[in-house]
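Engineer: Contents of start_37.tsv (TSV, C-alpha atoms) are below:
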chain	number	residue	atom	x	y	z
V	787	MET	CA	25.84	43.36	-37.90
V	788	ALA	CA	25.39	47.10	-37.53
V	789	ILE	CA	23.62	49.26	-40.06
V	790	LYS	CA	25.80	51.35	-42.32
V	791	VAL	CA	25.55	54.37	-44.58
V	792	GLY	CA	23.31	53.59	-47.55
V	793	ASP	CA	21.18	51.06	-45.68
V	794	THR	CA	17.46	51.49	-45.19
V	795	PHE	CA	16.87	52.48	-41.58
V	796	PRO	CA	15.06	49.55	-39.94
V	797	GLN	CA	11.35	49.83	-39.27
V	798	VAL	CA	10.56	49.70	-35.58
V	799	GLN	CA	7.87	51.23	-33.45
V	800	LEU	CA	9.13	53.31	-30.58
V	801	LYS	CA	6.95	54.98	-27.97
V	802	TYR	CA	7.13	58.50	-26.60
V	803	ILE	CA	5.05	60.91	-24.52
V	804	PRO	CA	4.26	64.11	-26.44
V	805	TYR	CA	5.17	67.34	-24.69
V	806	ASP	CA	2.16	69.50	-23.79
V	807	SER	CA	3.06	73.20	-23.68
V	808	THR	CA	-0.30	74.03	-22.06
V	809	ASP	CA	0.47	71.67	-19.17
V	810	PRO	CA	4.20	70.81	-19.08
V	811	ASN	CA	3.75	68.56	-16.05
V	812	ALA	CA	1.07	66.44	-17.72
V	813	CYS	CA	1.76	62.82	-18.46
V	814	LYS	CA	-0.09	62.17	-21.69
V	815	SER	CA	-0.77	58.82	-23.29
V	816	PRO	CA	2.18	57.33	-25.17
V	817	GLN	CA	2.30	57.75	-28.93
V	818	ILE	CA	3.94	55.50	-31.49
V	819	LEU	CA	6.84	56.68	-33.61
V	820	ASP	CA	7.12	54.36	-36.60
V	821	THR	CA	10.55	54.75	-38.14
V	822	LYS	CA	9.27	53.83	-41.59
V	823	THR	CA	6.16	55.97	-41.87
V	824	ASP	CA	7.28	58.87	-39.65
V	825	PHE	CA	10.70	59.17	-41.30
V	826	ALA	CA	9.36	58.95	-44.87
V	827	GLY	CA	10.12	62.09	-46.86
V	828	LYS	CA	11.99	63.65	-43.93
V	829	LYS	CA	15.56	64.28	-42.87
V	830	VAL	CA	15.86	62.94	-39.33
V	831	VAL	CA	18.64	62.95	-36.75
V	832	VAL	CA	18.49	59.87	-34.51
V	833	VAL	CA	20.60	60.15	-31.37
V	834	GLY	CA	21.03	56.82	-29.61
V	835	VAL	CA	22.18	56.84	-25.99
V	836	PRO	CA	22.73	54.06	-23.45
V	837	GLY	CA	20.59	55.57	-20.70
V	838	ALA	CA	18.50	58.55	-19.69
V	839	PHE	CA	19.81	60.59	-16.76
V	840	SER	CA	23.26	59.01	-17.00
V	841	PRO	CA	26.13	61.47	-16.50
V	842	THR	CA	27.52	61.42	-20.04
V	843	CYS	CA	24.07	61.56	-21.65
V	844	SER	CA	22.83	64.35	-19.38
V	845	ILE	CA	25.97	66.49	-19.21
V	846	GLN	CA	27.78	66.01	-22.53
V	847	HIS	CA	25.32	64.69	-25.09
V	848	LEU	CA	21.65	65.75	-24.98
V	849	PRO	CA	22.10	69.37	-23.78
V	850	ALA	CA	24.05	70.35	-26.90
V	851	TYR	CA	21.27	68.99	-29.13
V	852	VAL	CA	18.77	71.06	-27.16
V	853	THR	CA	20.93	74.18	-27.45
V	854	LYS	CA	21.62	73.77	-31.18
V	855	TYR	CA	18.20	72.49	-32.21
V	856	ASN	CA	17.44	75.61	-34.28
V	857	GLU	CA	20.74	75.27	-36.11
V	858	LEU	CA	19.84	71.69	-37.03
V	859	LYS	CA	16.47	72.90	-38.31
V	860	SER	CA	18.17	75.63	-40.38
V	861	LYS	CA	20.34	72.92	-41.99
V	862	GLY	CA	17.24	71.05	-43.20
V	863	ILE	CA	16.56	68.64	-40.34
V	864	ASP	CA	12.84	67.94	-39.99
V	865	LEU	CA	12.91	65.80	-36.87
V	866	VAL	CA	15.31	65.04	-34.02
V	867	VAL	CA	14.75	61.83	-32.07
V	868	CYS	CA	16.66	60.87	-28.94
V	869	VAL	CA	16.22	57.21	-28.13
V	870	SER	CA	17.41	55.12	-25.21
V	871	GLY	CA	16.82	51.68	-23.76
V	872	ASN	CA	14.60	53.26	-21.10
V	873	ASP	CA	10.82	53.28	-21.14
V	874	PHE	CA	8.86	56.22	-22.56
V	875	PHE	CA	7.90	57.56	-19.12
V	876	VAL	CA	11.56	57.83	-18.12
V	877	MET	CA	12.41	59.43	-21.47
V	878	SER	CA	9.60	61.95	-21.01
V	879	ALA	CA	10.84	62.86	-17.52
V	880	TRP	CA	14.40	63.20	-18.82
V	881	GLY	CA	13.20	65.46	-21.64
V	882	LYS	CA	11.36	67.67	-19.15
V	883	SER	CA	14.43	67.87	-16.92
V	884	GLU	CA	16.56	68.91	-19.91
V	885	ASN	CA	14.01	71.47	-21.18
V	886	VAL	CA	13.58	69.62	-24.48
V	887	LYS	CA	9.94	70.76	-24.81
V	888	ASN	CA	8.53	69.61	-28.16
V	889	ASN	CA	11.75	70.10	-30.12
V	890	ILE	CA	13.17	66.61	-29.68
V	891	ILE	CA	11.15	63.41	-29.52
V	892	MET	CA	12.31	61.49	-26.47
V	893	ALA	CA	11.58	57.89	-27.43
V	894	GLY	CA	11.96	54.71	-25.42
V	895	ASP	CA	13.39	51.45	-26.71
V	896	ALA	CA	12.79	49.49	-23.51
V	897	ASN	CA	12.37	46.18	-25.37
V	898	GLY	CA	15.56	46.71	-27.38
V	899	ASP	CA	13.82	46.55	-30.76
V	900	LEU	CA	15.83	49.39	-32.30
V	901	GLY	CA	19.07	48.12	-30.84
V	902	ARG	CA	18.55	44.66	-32.29
V	903	ALA	CA	17.28	45.92	-35.66
V	904	THR	CA	20.22	48.30	-36.13
V	905	GLY	CA	22.86	46.04	-34.62
V	906	LEU	CA	23.69	48.89	-32.25
V	907	SER	CA	22.79	47.23	-28.96
V	908	LEU	CA	25.02	47.08	-25.94
V	909	ASP	CA	25.01	44.67	-23.00
V	910	LEU	CA	25.40	46.65	-19.79
V	911	ALA	CA	24.26	43.92	-17.39
V	912	LYS	CA	27.71	43.85	-15.74
V	913	VAL	CA	27.19	47.42	-14.52
V	914	GLY	CA	23.54	46.91	-13.56
V	915	LEU	CA	21.90	48.65	-16.52
V	916	GLY	CA	20.43	45.63	-18.29
V	917	SER	CA	21.44	43.48	-21.19
V	918	VAL	CA	19.74	45.37	-24.02
V	919	ARG	CA	20.76	49.02	-24.27
V	920	LEU	CA	21.72	51.15	-27.22
V	921	THR	CA	25.31	52.02	-27.80
V	922	ARG	CA	26.00	55.73	-28.27
V	923	PHE	CA	25.43	56.64	-31.92
V	924	VAL	CA	24.02	59.30	-34.19
V	925	ALA	CA	22.44	58.75	-37.60
V	926	ILE	CA	21.16	61.14	-40.20
V	927	VAL	CA	18.29	59.38	-41.93
V	928	ASP	CA	17.17	60.94	-45.20
V	929	ASP	CA	13.83	59.62	-46.49
V	930	GLY	CA	14.38	56.31	-44.74
V	931	LYS	CA	18.01	55.82	-45.81
V	932	VAL	CA	21.04	56.12	-43.53
V	933	ALA	CA	22.91	59.11	-44.96
V	934	HIS	CA	25.41	59.47	-42.11
V	935	LEU	CA	26.30	57.29	-39.14
V	936	ASP	CA	28.76	57.70	-36.31
V	937	ILE	CA	29.20	55.20	-33.49
V	938	GLU	CA	31.18	56.08	-30.39
V	939	PRO	CA	34.24	53.87	-30.00
V	940	ASP	CA	33.74	54.18	-26.23
V	941	PRO	CA	30.06	54.68	-25.31
V	942	THR	CA	31.03	56.40	-22.05
V	943	GLY	CA	32.22	59.44	-24.03
V	944	VAL	CA	31.05	61.84	-26.71
V	945	THR	CA	33.73	62.24	-29.38
V	946	VAL	CA	31.99	61.63	-32.73
V	947	THR	CA	28.26	61.68	-31.94
V	948	GLY	CA	27.85	65.22	-30.65
V	949	VAL	CA	25.70	67.82	-32.35
V	950	ASP	CA	28.72	69.63	-33.82
V	951	SER	CA	29.66	66.45	-35.74
V	952	VAL	CA	26.11	66.26	-37.12
V	953	ILE	CA	26.12	69.92	-38.15
V	954	ALA	CA	29.48	69.44	-39.89
V	955	ALA	CA	28.03	66.45	-41.80
V	956	LEU	CA	24.97	68.35	-43.05
Give the structure from the file, written as structure tokens.
Structural biologist:
Amino acid sequence: MAIKVGDTFPQVQLKYIPYDSTDPNACKSPQILDTKTDFAGKKVVVVGVPGAFSPTCSIQHLPAYVTKYNELKSKGIDLVVCVSGNDFFVMSAWGKSENVKNNIIMAGDANGDLGRATGLSLDLAKVGLGSVRLTRFVAIVDDGKVAHLDIEPDPTGVTVTGVDSVIAAL
């Protein structure tokens, strides 16, 4: 069963590669993002996507979050996390290709822990993308509680999970 507004956001540990502005091409050691401790006392936007570098994610979804990052911050967002069923190295490379810099944490959920814990997993084995991916969703998590949640009815599109929907909800 999927999480819903009012629920505590599940505790999982995701991994990401921090962006290094002094050496943007560096591949640093992965860091852990713990959704319980790192979300505590913060207002966080979690953007779940099925796959890094996929057309919808790279053309319609992530770029708008990059472009409107400062507007999210001005509305009280402390942290933006983009998470996919890819590993943290792929997420880091995708973030670099999209000029995310250190504004958005590009976290990997390669083992499907977040997908299982939230009930927002998607089986894409039939199209060759693996059996444990995230469906396309966006959550506003306020001090560990789900304050807003939208799930795309069709994960191949962006109709309710785009940045403008998040800004309107804030």
Engineer: Between CA of Gly943 (chain V) and CA of Phe923 (chain V), measure the distance and give it in Å to one decimal.
Structural biologist: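 Going from CA of Gly943 (chain V) over to CA of Phe923 (chain V), I get 10.8 Å.
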Engineer: Name the closest residue to Val876 (chain V) among the candidates V:Val918, V:Ala925, V:Met892, V:Val791; distances are taken between atoms, counting only C-alpha atoms.
Structural biologist: V:Met892
Engineer: Which residue gives the smallest distance to Ser883 (chain V) among V:Gly901, V:Ala838, V:Val932, V:Val927, with all atoms listed in the file counted?
Structural biologist: V:Ala838
Engineer: One decimal, in Å: what's the spacing between CA of Pro804 (chain V) and CA of Lys790 (chain V)?
Structural biologist: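 Value for the CA of Pro804 (chain V)-CA of Lys790 (chain V) distance: 29.6 Å.
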Engineer: Could you check which residues have any atom within 12 Å of (22.2, 51.2, -45.3), counting all atoms listed in the file with coordinates taken straight from the file, and then list them as a ChimeraX atom specification?
Structural biologist: /V:787-796,904-905,925-935
Engineer: Nearest to Lys887 (chain V) among V:Ser844, V:Thr947, V:Ser807, V:Gln797, with distances taken over only C-alpha atoms: which residue is it?
Structural biologist: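 The shortest atom-to-atom distance to Lys887 (chain V) comes from V:Ser807.
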Engineer: Might you pull out every residue within 12 Å of Ile845 (chain V), with only C-alpha atoms counted and same-chain residues fewer than 6 positions away left off, and present them as a list in words?
Structural biologist: Ala838, Phe839, Tyr851, Val852, Ser883, Glu884, Thr942, Gly943, Val944 and Gly948 of chain V
Engineer: Using only C-alpha atoms, find the one residue out of V:Gly894, V:Asp899, V:Val886, V:Lys828 that sits nearest to Tyr855 (chain V).
Structural biologist: V:Val886
Engineer: Could you check the closest approach to Trp880 (chain V) for each of V:Lys814, V:Lys854, V:Ala893, V:Ala826 and tell me which residue wins, using only C-alpha atoms?
Structural biologist: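 Distance minimum relative to Trp880 (chain V) lands on V:Ala893.
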Engineer: Using all atoms listed in the file for the distances, tell me which of V:Lys882, V:His847, V:Lys822, V:Lys859 is nearest to Val924 (chain V).
Structural biologist: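 Checking each candidate against Val924 (chain V), we get V:His847 as the closest.
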Engineer: Quick one, how far is CA of Pro836 (chain V) from CA of Cys813 (chain V)?
Structural biologist: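 These two atoms are separated by 23.3 Å.
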Engineer: Which residues are near Ser870 (chain V)? Cut-off 10 Å, all atoms listed in the file, ignore same chain within fewer than 2 positions. Put them as a list of chain:residue names.
Structural biologist: V:Val833, V:Gly834, V:Val835, V:Pro836, V:Gly837, V:Ala838, V:Cys843, V:Val867, V:Cys868, V:Asn872, V:Asp873, V:Phe874, V:Val876, V:Met877, V:Met892, V:Ala893, V:Gly894, V:Asp895, V:Ala896, V:Gly898, V:Leu900, V:Gly901, V:Arg919, V:Leu920, V:Thr921, V:Arg922
Engineer: Which residues, written as a ChimeraX atom specification, have at least one atom at most 10 Å from Asp864 (chain V), with all atoms listed in the file counted and residues fewer than 3 positions away on the same chain left out?
Structural biologist: /V:825,827-831,858-861,928
Engineer: Keeping C-alpha atoms, export the residues of the selection given above as an mmCIF file, in the coordinates of the input.
Structural biologist:
data_model
loop_
_atom_site.group_PDB
_atom_site.id
_atom_site.type_symbol
_atom_site.label_atom_id
_atom_site.label_comp_id
_atom_site.auth_asym_id
_atom_site.auth_seq_id
_atom_site.Cartn_x
_atom_site.Cartn_y
_atom_site.Cartn_z
ATOM 1 C CA PHE V 825 10.700 59.170 -41.300
ATOM 2 C CA GLY V 827 10.120 62.090 -46.860
ATOM 3 C CA LYS V 828 11.990 63.650 -43.930
ATOM 4 C CA LYS V 829 15.560 64.280 -42.870
ATOM 5 C CA VAL V 830 15.860 62.940 -39.330
ATOM 6 C CA VAL V 831 18.640 62.950 -36.750
ATOM 7 C CA LEU V 858 19.840 71.690 -37.030
ATOM 8 C CA LYS V 859 16.470 72.900 -38.310
ATOM 9 C CA SER V 860 18.170 75.630 -40.380
ATOM 10 C CA LYS V 861 20.340 72.920 -41.990
ATOM 11 C CA ASP V 928 17.170 60.940 -45.200
#
Engineer: All heavy atoms are what I want for region 892-903 of chain V; can you complete it accordingly and write them as a short mmCIF file (atom, residue, chain, number, x, y, z; two decimals), keeping the file's coordinate frame?
Structural biologist:
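Resulting contents of out-v3.cif:
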data_model
loop_
_atom_site.label_atom_id
_atom_site.label_comp_id
_atom_site.auth_asym_id
_atom_site.auth_seq_id
_atom_site.Cartn_x
_atom_site.Cartn_y
_atom_site.Cartn_z
N MET V 892 11.57 62.30 -27.43
CA MET V 892 12.31 61.49 -26.47
C MET V 892 11.66 60.10 -26.44
O MET V 892 10.66 59.89 -25.76
CB MET V 892 12.28 62.15 -25.09
CG MET V 892 12.86 63.56 -25.06
SD MET V 892 14.61 63.62 -25.45
CE MET V 892 15.32 62.91 -23.99
N ALA V 893 12.21 59.19 -27.21
CA ALA V 893 11.58 57.89 -27.43
C ALA V 893 12.27 56.78 -26.63
O ALA V 893 13.49 56.77 -26.48
CB ALA V 893 11.61 57.53 -28.92
N GLY V 894 11.46 55.86 -26.16
CA GLY V 894 11.96 54.71 -25.42
C GLY V 894 12.09 53.47 -26.29
O GLY V 894 11.25 53.22 -27.15
N ASP V 895 13.15 52.73 -26.05
CA ASP V 895 13.39 51.45 -26.71
C ASP V 895 13.59 50.38 -25.63
O ASP V 895 14.56 49.65 -25.63
CB ASP V 895 14.61 51.55 -27.63
CG ASP V 895 14.84 50.28 -28.46
OD1 ASP V 895 13.85 49.64 -28.86
OD2 ASP V 895 16.02 49.94 -28.70
N ALA V 896 12.65 50.35 -24.68
CA ALA V 896 12.79 49.49 -23.51
C ALA V 896 12.89 48.00 -23.86
O ALA V 896 13.51 47.24 -23.13
CB ALA V 896 11.62 49.72 -22.55
N ASN V 897 12.30 47.59 -24.96
CA ASN V 897 12.37 46.18 -25.37
C ASN V 897 13.59 45.87 -26.22
O ASN V 897 13.82 44.72 -26.58
CB ASN V 897 11.11 45.78 -26.13
CG ASN V 897 9.89 45.78 -25.25
OD1 ASN V 897 9.97 45.55 -24.05
ND2 ASN V 897 8.74 46.08 -25.83
N GLY V 898 14.35 46.91 -26.59
CA GLY V 898 15.56 46.71 -27.38
C GLY V 898 15.32 46.48 -28.86
O GLY V 898 16.22 46.02 -29.56
N ASP V 899 14.13 46.80 -29.35
CA ASP V 899 13.82 46.55 -30.76
C ASP V 899 14.74 47.32 -31.71
O ASP V 899 15.24 46.76 -32.68
CB ASP V 899 12.36 46.91 -31.06
CG ASP V 899 11.38 46.05 -30.29
OD1 ASP V 899 11.73 44.91 -29.91
OD2 ASP V 899 10.25 46.52 -30.04
N LEU V 900 14.96 48.60 -31.43
CA LEU V 900 15.83 49.39 -32.30
C LEU V 900 17.27 48.90 -32.21
O LEU V 900 17.96 48.79 -33.22
CB LEU V 900 15.75 50.88 -31.96
CG LEU V 900 16.59 51.79 -32.86
CD1 LEU V 900 16.10 51.75 -34.30
CD2 LEU V 900 16.59 53.22 -32.34
N GLY V 901 17.71 48.62 -31.01
CA GLY V 901 19.07 48.12 -30.84
C GLY V 901 19.34 46.85 -31.62
O GLY V 901 20.36 46.71 -32.30
N ARG V 902 18.40 45.92 -31.55
CA ARG V 902 18.55 44.66 -32.29
C ARG V 902 18.46 44.89 -33.80
O ARG V 902 19.24 44.33 -34.57
CB ARG V 902 17.52 43.64 -31.85
CG ARG V 902 17.88 42.95 -30.54
CD ARG V 902 16.95 41.79 -30.21
NE ARG V 902 15.58 42.23 -29.94
CZ ARG V 902 15.15 42.70 -28.78
NH1 ARG V 902 15.98 42.81 -27.77
NH2 ARG V 902 13.90 43.06 -28.61
N ALA V 903 17.50 45.70 -34.22
CA ALA V 903 17.28 45.92 -35.66
C ALA V 903 18.45 46.66 -36.32
O ALA V 903 18.74 46.43 -37.50
CB ALA V 903 15.97 46.69 -35.89
#
